[in-house]
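Undergrad: Sharing data-v2.txt below, compact mmCIF, N, CA and C atoms:
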```
# COMPACT_ATOMS: atom_id res chain seq x y z
N MET A 104 12.82 -8.50 -25.54
CA MET A 104 13.81 -9.40 -26.10
C MET A 104 15.18 -9.08 -25.49
N LYS A 105 15.86 -10.10 -25.07
CA LYS A 105 17.18 -9.93 -24.45
C LYS A 105 18.25 -9.74 -25.53
N SER A 106 19.25 -8.96 -25.19
CA SER A 106 20.42 -8.85 -26.07
C SER A 106 21.27 -10.11 -25.89
N HIS A 107 22.19 -10.31 -26.81
CA HIS A 107 23.11 -11.45 -26.67
C HIS A 107 23.88 -11.36 -25.37
N ARG A 108 24.31 -10.15 -25.00
CA ARG A 108 25.08 -9.98 -23.76
C ARG A 108 24.24 -10.36 -22.55
N GLU A 109 22.98 -9.94 -22.53
CA GLU A 109 22.10 -10.30 -21.41
C GLU A 109 21.93 -11.82 -21.35
N PHE A 110 21.76 -12.43 -22.51
CA PHE A 110 21.62 -13.88 -22.58
C PHE A 110 22.87 -14.57 -22.02
N ILE A 111 24.05 -14.12 -22.46
CA ILE A 111 25.32 -14.70 -21.98
C ILE A 111 25.46 -14.53 -20.48
N ASN A 112 25.01 -13.40 -19.98
CA ASN A 112 25.13 -13.11 -18.55
C ASN A 112 24.18 -13.95 -17.71
N GLU A 113 23.04 -14.34 -18.28
CA GLU A 113 22.02 -15.03 -17.50
C GLU A 113 22.07 -16.54 -17.55
N ILE A 114 22.66 -17.11 -18.59
CA ILE A 114 22.66 -18.58 -18.67
C ILE A 114 23.65 -19.15 -17.67
N SER A 115 23.47 -20.41 -17.34
CA SER A 115 24.36 -21.05 -16.37
C SER A 115 25.77 -21.13 -16.93
N ILE A 116 26.73 -21.13 -16.05
CA ILE A 116 28.13 -21.17 -16.49
C ILE A 116 28.43 -22.45 -17.29
N ASN A 117 27.74 -23.53 -16.99
CA ASN A 117 27.97 -24.78 -17.73
C ASN A 117 27.47 -24.69 -19.16
N ARG A 118 26.42 -23.91 -19.40
CA ARG A 118 25.90 -23.75 -20.76
C ARG A 118 26.78 -22.85 -21.61
N LEU A 119 27.69 -22.11 -20.98
CA LEU A 119 28.61 -21.27 -21.75
C LEU A 119 29.52 -22.14 -22.63
N VAL A 120 29.84 -23.32 -22.16
CA VAL A 120 30.77 -24.21 -22.88
C VAL A 120 30.27 -24.52 -24.29
N PRO A 121 29.06 -25.05 -24.46
CA PRO A 121 28.64 -25.35 -25.83
C PRO A 121 28.49 -24.10 -26.70
N TYR A 122 28.08 -22.99 -26.12
CA TYR A 122 27.97 -21.77 -26.92
C TYR A 122 29.34 -21.30 -27.40
N PHE A 123 30.34 -21.40 -26.55
CA PHE A 123 31.70 -21.05 -26.96
C PHE A 123 32.17 -21.99 -28.07
N LEU A 124 31.99 -23.27 -27.87
CA LEU A 124 32.48 -24.25 -28.84
C LEU A 124 31.75 -24.15 -30.18
N MET A 125 30.44 -24.04 -30.14
CA MET A 125 29.68 -23.96 -31.39
C MET A 125 29.96 -22.67 -32.14
N SER A 126 30.00 -21.55 -31.42
CA SER A 126 30.25 -20.28 -32.11
C SER A 126 31.68 -20.22 -32.64
N SER A 127 32.63 -20.79 -31.93
CA SER A 127 34.01 -20.85 -32.43
C SER A 127 34.09 -21.71 -33.69
N TYR A 128 33.45 -22.85 -33.66
CA TYR A 128 33.45 -23.73 -34.84
C TYR A 128 32.87 -23.01 -36.05
N LEU A 129 31.74 -22.37 -35.87
CA LEU A 129 31.10 -21.68 -36.99
C LEU A 129 31.99 -20.56 -37.52
N TYR A 130 32.62 -19.83 -36.63
CA TYR A 130 33.44 -18.70 -37.03
C TYR A 130 34.72 -19.13 -37.73
N TYR A 131 35.45 -20.05 -37.12
CA TYR A 131 36.76 -20.42 -37.64
C TYR A 131 36.71 -21.46 -38.77
N GLU A 132 35.69 -22.29 -38.79
CA GLU A 132 35.62 -23.33 -39.81
C GLU A 132 34.66 -22.99 -40.95
N HIS A 133 33.70 -22.08 -40.71
CA HIS A 133 32.69 -21.78 -41.72
C HIS A 133 32.53 -20.29 -42.00
N ASP A 134 33.35 -19.47 -41.34
CA ASP A 134 33.30 -18.01 -41.54
C ASP A 134 31.90 -17.45 -41.29
N LYS A 135 31.25 -17.95 -40.24
CA LYS A 135 29.90 -17.52 -39.86
C LYS A 135 29.94 -16.98 -38.43
N SER A 136 29.41 -15.79 -38.24
CA SER A 136 29.36 -15.20 -36.90
C SER A 136 27.95 -15.28 -36.34
N VAL A 137 27.84 -15.76 -35.12
CA VAL A 137 26.55 -15.77 -34.43
C VAL A 137 26.52 -14.73 -33.32
N PHE A 138 27.69 -14.29 -32.88
CA PHE A 138 27.80 -13.23 -31.88
C PHE A 138 28.62 -12.09 -32.47
N ARG A 139 28.31 -10.88 -32.06
CA ARG A 139 29.20 -9.76 -32.37
C ARG A 139 30.50 -10.00 -31.62
N ASP A 140 31.58 -9.40 -32.10
CA ASP A 140 32.90 -9.60 -31.47
C ASP A 140 32.87 -9.28 -29.98
N GLU A 141 32.25 -8.18 -29.62
CA GLU A 141 32.23 -7.79 -28.20
C GLU A 141 31.41 -8.76 -27.36
N ASP A 142 30.38 -9.38 -27.94
CA ASP A 142 29.60 -10.38 -27.20
C ASP A 142 30.40 -11.67 -27.04
N PHE A 143 31.14 -12.06 -28.07
CA PHE A 143 31.98 -13.25 -27.96
C PHE A 143 33.08 -13.01 -26.93
N ASP A 144 33.66 -11.82 -26.93
CA ASP A 144 34.68 -11.48 -25.92
C ASP A 144 34.10 -11.58 -24.52
N TYR A 145 32.86 -11.14 -24.35
CA TYR A 145 32.21 -11.22 -23.04
C TYR A 145 31.96 -12.68 -22.65
N LEU A 146 31.56 -13.50 -23.63
CA LEU A 146 31.38 -14.93 -23.39
C LEU A 146 32.70 -15.54 -22.91
N CYS A 147 33.80 -15.20 -23.56
CA CYS A 147 35.13 -15.70 -23.16
C CYS A 147 35.48 -15.25 -21.75
N LYS A 148 35.22 -13.99 -21.45
CA LYS A 148 35.53 -13.47 -20.12
C LYS A 148 34.71 -14.18 -19.05
N ARG A 149 33.43 -14.38 -19.31
CA ARG A 149 32.58 -15.07 -18.34
C ARG A 149 33.04 -16.52 -18.14
N LEU A 150 33.40 -17.17 -19.23
CA LEU A 150 33.94 -18.54 -19.12
C LEU A 150 35.22 -18.56 -18.30
N LEU A 151 36.13 -17.66 -18.61
CA LEU A 151 37.41 -17.61 -17.91
C LEU A 151 37.21 -17.31 -16.43
N ASP A 152 36.36 -16.35 -16.11
CA ASP A 152 36.11 -15.98 -14.71
C ASP A 152 35.52 -17.13 -13.90
N ASN A 153 34.83 -18.04 -14.56
CA ASN A 153 34.14 -19.13 -13.87
C ASN A 153 34.71 -20.50 -14.19
N PHE A 154 35.83 -20.53 -14.88
CA PHE A 154 36.36 -21.78 -15.43
C PHE A 154 36.51 -22.89 -14.40
N ASP A 155 37.02 -22.57 -13.24
CA ASP A 155 37.26 -23.60 -12.23
C ASP A 155 35.98 -24.18 -11.65
N ASN A 156 34.86 -23.50 -11.83
CA ASN A 156 33.57 -23.97 -11.30
C ASN A 156 32.69 -24.62 -12.35
N ILE A 157 33.17 -24.68 -13.57
CA ILE A 157 32.38 -25.26 -14.66
C ILE A 157 32.52 -26.78 -14.66
N ASN A 158 31.39 -27.43 -14.84
CA ASN A 158 31.33 -28.89 -14.93
C ASN A 158 30.59 -29.24 -16.21
N HIS A 159 31.35 -29.52 -17.26
CA HIS A 159 30.75 -29.86 -18.56
C HIS A 159 31.63 -30.88 -19.25
N VAL A 160 31.02 -31.81 -19.94
CA VAL A 160 31.74 -32.91 -20.59
C VAL A 160 32.75 -32.41 -21.63
N HIS A 161 32.52 -31.23 -22.22
CA HIS A 161 33.43 -30.72 -23.24
C HIS A 161 34.37 -29.62 -22.72
N LYS A 162 34.39 -29.39 -21.44
CA LYS A 162 35.26 -28.35 -20.87
C LYS A 162 36.72 -28.58 -21.23
N HIS A 163 37.14 -29.83 -21.28
CA HIS A 163 38.55 -30.14 -21.56
C HIS A 163 39.00 -29.66 -22.94
N LEU A 164 38.07 -29.34 -23.82
CA LEU A 164 38.40 -28.85 -25.16
C LEU A 164 38.77 -27.37 -25.17
N ILE A 165 38.49 -26.69 -24.07
CA ILE A 165 38.71 -25.24 -23.99
C ILE A 165 40.00 -24.96 -23.25
N ILE A 166 40.83 -24.13 -23.84
CA ILE A 166 42.12 -23.76 -23.27
C ILE A 166 42.01 -22.35 -22.67
N LYS A 167 42.40 -22.21 -21.41
CA LYS A 167 42.29 -20.92 -20.73
C LYS A 167 42.98 -19.80 -21.50
N GLU A 168 44.12 -20.08 -22.09
CA GLU A 168 44.85 -19.04 -22.83
C GLU A 168 44.02 -18.53 -24.01
N ASP A 169 43.24 -19.42 -24.62
CA ASP A 169 42.36 -18.99 -25.72
C ASP A 169 41.29 -18.04 -25.19
N LEU A 170 40.76 -18.36 -24.02
CA LEU A 170 39.75 -17.48 -23.43
C LEU A 170 40.35 -16.12 -23.10
N GLU A 171 41.58 -16.11 -22.61
CA GLU A 171 42.25 -14.85 -22.29
C GLU A 171 42.43 -13.98 -23.52
N SER A 172 42.64 -14.59 -24.66
CA SER A 172 42.84 -13.83 -25.90
C SER A 172 41.53 -13.65 -26.67
N GLY A 173 40.44 -14.22 -26.15
CA GLY A 173 39.14 -14.07 -26.82
C GLY A 173 39.07 -14.83 -28.13
N SER A 174 39.67 -16.00 -28.17
CA SER A 174 39.75 -16.76 -29.41
C SER A 174 39.43 -18.24 -29.18
N GLY A 175 38.83 -18.85 -30.17
CA GLY A 175 38.63 -20.28 -30.15
C GLY A 175 39.35 -20.94 -31.31
N TYR A 176 40.34 -20.23 -31.87
CA TYR A 176 41.02 -20.68 -33.08
C TYR A 176 41.64 -22.07 -32.95
N ALA A 177 42.27 -22.36 -31.84
CA ALA A 177 42.99 -23.63 -31.68
C ALA A 177 42.10 -24.75 -31.14
N THR A 178 40.84 -24.48 -30.98
CA THR A 178 39.92 -25.45 -30.38
C THR A 178 39.71 -26.66 -31.28
N LYS A 179 39.65 -27.82 -30.68
CA LYS A 179 39.31 -29.07 -31.37
C LYS A 179 37.83 -29.34 -31.15
N TYR A 180 37.15 -29.87 -32.14
CA TYR A 180 35.70 -30.05 -32.07
C TYR A 180 35.32 -31.52 -32.25
N THR A 181 34.34 -31.93 -31.47
CA THR A 181 33.78 -33.27 -31.63
C THR A 181 32.72 -33.23 -32.73
N ASN A 182 32.34 -34.39 -33.21
CA ASN A 182 31.26 -34.46 -34.20
C ASN A 182 29.97 -33.88 -33.64
N MET A 183 29.72 -34.10 -32.35
CA MET A 183 28.51 -33.57 -31.72
C MET A 183 28.49 -32.05 -31.79
N ILE A 184 29.62 -31.43 -31.49
CA ILE A 184 29.72 -29.97 -31.52
C ILE A 184 29.51 -29.46 -32.94
N MET A 185 30.17 -30.08 -33.90
CA MET A 185 30.05 -29.64 -35.28
C MET A 185 28.62 -29.74 -35.80
N CYS A 186 27.98 -30.87 -35.56
CA CYS A 186 26.59 -31.06 -36.01
C CYS A 186 25.64 -30.09 -35.30
N SER A 187 25.83 -29.93 -34.01
CA SER A 187 24.97 -29.01 -33.25
C SER A 187 25.15 -27.58 -33.72
N ALA A 188 26.38 -27.18 -34.00
CA ALA A 188 26.66 -25.83 -34.46
C ALA A 188 25.98 -25.56 -35.80
N LEU A 189 26.08 -26.50 -36.71
CA LEU A 189 25.47 -26.31 -38.02
C LEU A 189 23.95 -26.26 -37.94
N THR A 190 23.38 -27.07 -37.09
CA THR A 190 21.93 -27.05 -36.89
C THR A 190 21.50 -25.73 -36.26
N TRP A 191 22.24 -25.28 -35.26
CA TRP A 191 21.96 -24.01 -34.60
C TRP A 191 22.02 -22.86 -35.60
N TYR A 192 23.06 -22.85 -36.43
CA TYR A 192 23.19 -21.78 -37.41
C TYR A 192 22.05 -21.83 -38.43
N LYS A 193 21.71 -23.02 -38.87
CA LYS A 193 20.62 -23.17 -39.84
C LYS A 193 19.32 -22.64 -39.26
N ASP A 194 19.09 -22.90 -37.97
CA ASP A 194 17.87 -22.40 -37.31
C ASP A 194 17.85 -20.88 -37.27
N MET A 195 19.02 -20.25 -37.17
CA MET A 195 19.09 -18.79 -37.07
C MET A 195 19.20 -18.11 -38.43
N GLU A 196 19.62 -18.84 -39.44
CA GLU A 196 19.86 -18.26 -40.75
C GLU A 196 18.59 -17.62 -41.31
N GLY A 197 18.73 -16.42 -41.81
CA GLY A 197 17.61 -15.72 -42.40
C GLY A 197 16.69 -15.04 -41.40
N LYS A 198 17.00 -15.18 -40.13
CA LYS A 198 16.20 -14.54 -39.08
C LYS A 198 16.76 -13.16 -38.82
N ASP A 199 15.87 -12.23 -38.44
CA ASP A 199 16.39 -10.92 -38.04
C ASP A 199 16.98 -11.05 -36.64
N ASN A 200 17.60 -9.99 -36.15
CA ASN A 200 18.30 -10.04 -34.86
C ASN A 200 17.38 -10.46 -33.73
N ALA A 201 16.16 -9.95 -33.68
CA ALA A 201 15.22 -10.30 -32.61
C ALA A 201 14.87 -11.78 -32.66
N GLU A 202 14.66 -12.31 -33.86
CA GLU A 202 14.34 -13.73 -33.99
C GLU A 202 15.53 -14.61 -33.62
N SER A 203 16.72 -14.20 -34.01
CA SER A 203 17.90 -15.01 -33.67
C SER A 203 18.14 -15.01 -32.18
N GLU A 204 17.90 -13.88 -31.52
CA GLU A 204 18.05 -13.83 -30.07
C GLU A 204 17.01 -14.73 -29.40
N SER A 205 15.81 -14.81 -29.98
CA SER A 205 14.78 -15.70 -29.46
C SER A 205 15.22 -17.15 -29.56
N ILE A 206 15.87 -17.51 -30.66
CA ILE A 206 16.38 -18.86 -30.84
C ILE A 206 17.45 -19.15 -29.79
N LEU A 207 18.33 -18.18 -29.52
CA LEU A 207 19.34 -18.35 -28.48
C LEU A 207 18.69 -18.67 -27.16
N GLU A 208 17.65 -17.92 -26.81
CA GLU A 208 16.99 -18.09 -25.52
C GLU A 208 16.35 -19.47 -25.40
N SER A 209 15.88 -20.03 -26.50
CA SER A 209 15.20 -21.32 -26.43
C SER A 209 16.15 -22.49 -26.55
N SER A 210 17.42 -22.23 -26.84
CA SER A 210 18.40 -23.32 -27.01
C SER A 210 18.76 -23.94 -25.69
```
Now, as a test, write the supplied structure out as structure tokens.
TA:
Amino acid sequence: MKSHREFINEISINRLVPYFLMSSYLYYEHDKSVFRDEDFDYLCKRLLDNFDNINHVHKHLIIKEDLESGSGYATKYTNMIMCSALTWYKDMEGKDNAESESILESS
């Protein structure tokens, strides 16, 4: 089973966008964490390091300064992001760490 950090490191840079947006929405709007702080920081760093090469429809919602500070606090969310985040969290809720990591890998 992969750790969250391994998962973040292996997925395509374009897939980092929805994971950042959904995890930020859950954390700041619902007080729910799907990543440990250090894993979220790593996600932000990977996004920032690759930002100019990312091609994703929701990239415009992400502010580089937020990535530099490891925060998604000021992020605006679309209905698609909000619904997807809640569904993702519901799928992981009540799962142990290994099961939640498995859900991440299949997303």
Undergrad: Which one is closest to A:Phe123: A:Met195, A:Leu146, A:Met185, A:Ile157? Count all atoms listed in the file.
TA: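 Comparing A:Met195, A:Leu146, A:Met185, A:Ile157 against A:Phe123, the winner is A:Leu146.
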Undergrad: Could you check how far atom CA of A:Glu132 sits from atom CA of A:His163, in Å to one decimal?
TA: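 So the two atoms, atom CA of A:Glu132 and atom CA of A:His163, lie 19.7 Å apart.
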Undergrad: For the structure I just gave you, how does DSSP split chain A - specifically, which residues are helix (DSSP H, G or I)? Reply as JSON, numbers by chain.
TA: {"A": [107, 108, 109, 110, 111, 112, 113, 116, 117, 118, 119, 120, 121, 122, 123, 124, 125, 126, 127, 128, 129, 130, 131, 132, 133, 140, 141, 142, 143, 144, 145, 146, 147, 148, 149, 150, 151, 152, 153, 154, 155, 156, 162, 163, 164, 167, 168, 169, 170, 171, 172, 182, 183, 184, 185, 186, 187, 188, 189, 190, 191, 192, 193, 194, 195, 200, 201, 202, 203, 204, 205, 206, 207, 208, 209]}
Undergrad: Can you report as AutoDock Vina command-line options the centre and edge lengths in Å, to one decimal, of an axis-aligned box around the listed atoms of stretch 136-153 of chain A padded with 4 Å on each side?
TA:
```
--center_x 32.0 --center_y -14.1 --center_z -26.1 --size_x 18.9 --size_y 20.7 --size_z 32.4
```
Undergrad: For A:Tyr130, which residue out of A:Ser174, A:Ser187, A:Ser106, A:Asn153 is the nearest one, using only C-alpha atoms?
TA: A:Ser174
Undergrad: Have a look at A:Lys167, A:Lys135, A:Arg149, A:Lys179 and name the one nearest to A:Trp191; count only C-alpha atoms.
TA: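 Nearest candidate to A:Trp191 out of A:Lys167, A:Lys135, A:Arg149, A:Lys179: A:Lys135.
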Undergrad: Please report the interatomic distance between atom C of A:Glu141 and atom N of A:Asn182 in Å with one decimal.
TA: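 Separation of atom C of A:Glu141 and atom N of A:Asn182: 26.3 Å.
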Undergrad: Of the residues A:Ser115, A:Thr190, A:Ser136, A:Ser127, which is the one nearest to A:Leu170, using only C-alpha atoms?
TA: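 Nearest to A:Leu170: A:Ser127.
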Undergrad: Any idea what the distance is between atom CA of A:Glu113 and atom CA of A:Tyr131?
TA: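 So the two atoms, atom CA of A:Glu113 and atom CA of A:Tyr131, lie 25.5 Å apart.
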Undergrad: Could you name the residues that touch A:Val120 at 8 Å or less, counting all atoms listed in the file, but leaving out those on the same chain fewer than 6 positions away, as a list of chain:residue names?
TA: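 Returned residues: A:Ser126, A:Leu150, A:His159, A:His161, A:Lys162.
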Undergrad: Tell me, as a list in words, which residues lie within 6.5 Å of A:Gly173, counting all atoms listed in the file; anything in the same chain fewer than 2 positions away does not count.
TA: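 My list of contacting residues is Phe143, Asp144, Cys147, Glu168, Asp169, Leu170, Glu171 and Gly175 of chain A.
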Undergrad: Which one is closest to A:His107: A:Leu151, A:Asp142, A:Ser172, A:Asp194? Count only N, CA and C atoms.
TA: A:Asp142
Undergrad: Using only C-alpha atoms, which residue out of A:Phe154, A:Leu189, A:Leu124, A:Asp140 lies closest to A:Ala177?
TA: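 Checking each candidate against A:Ala177, we get A:Leu124 as the closest.
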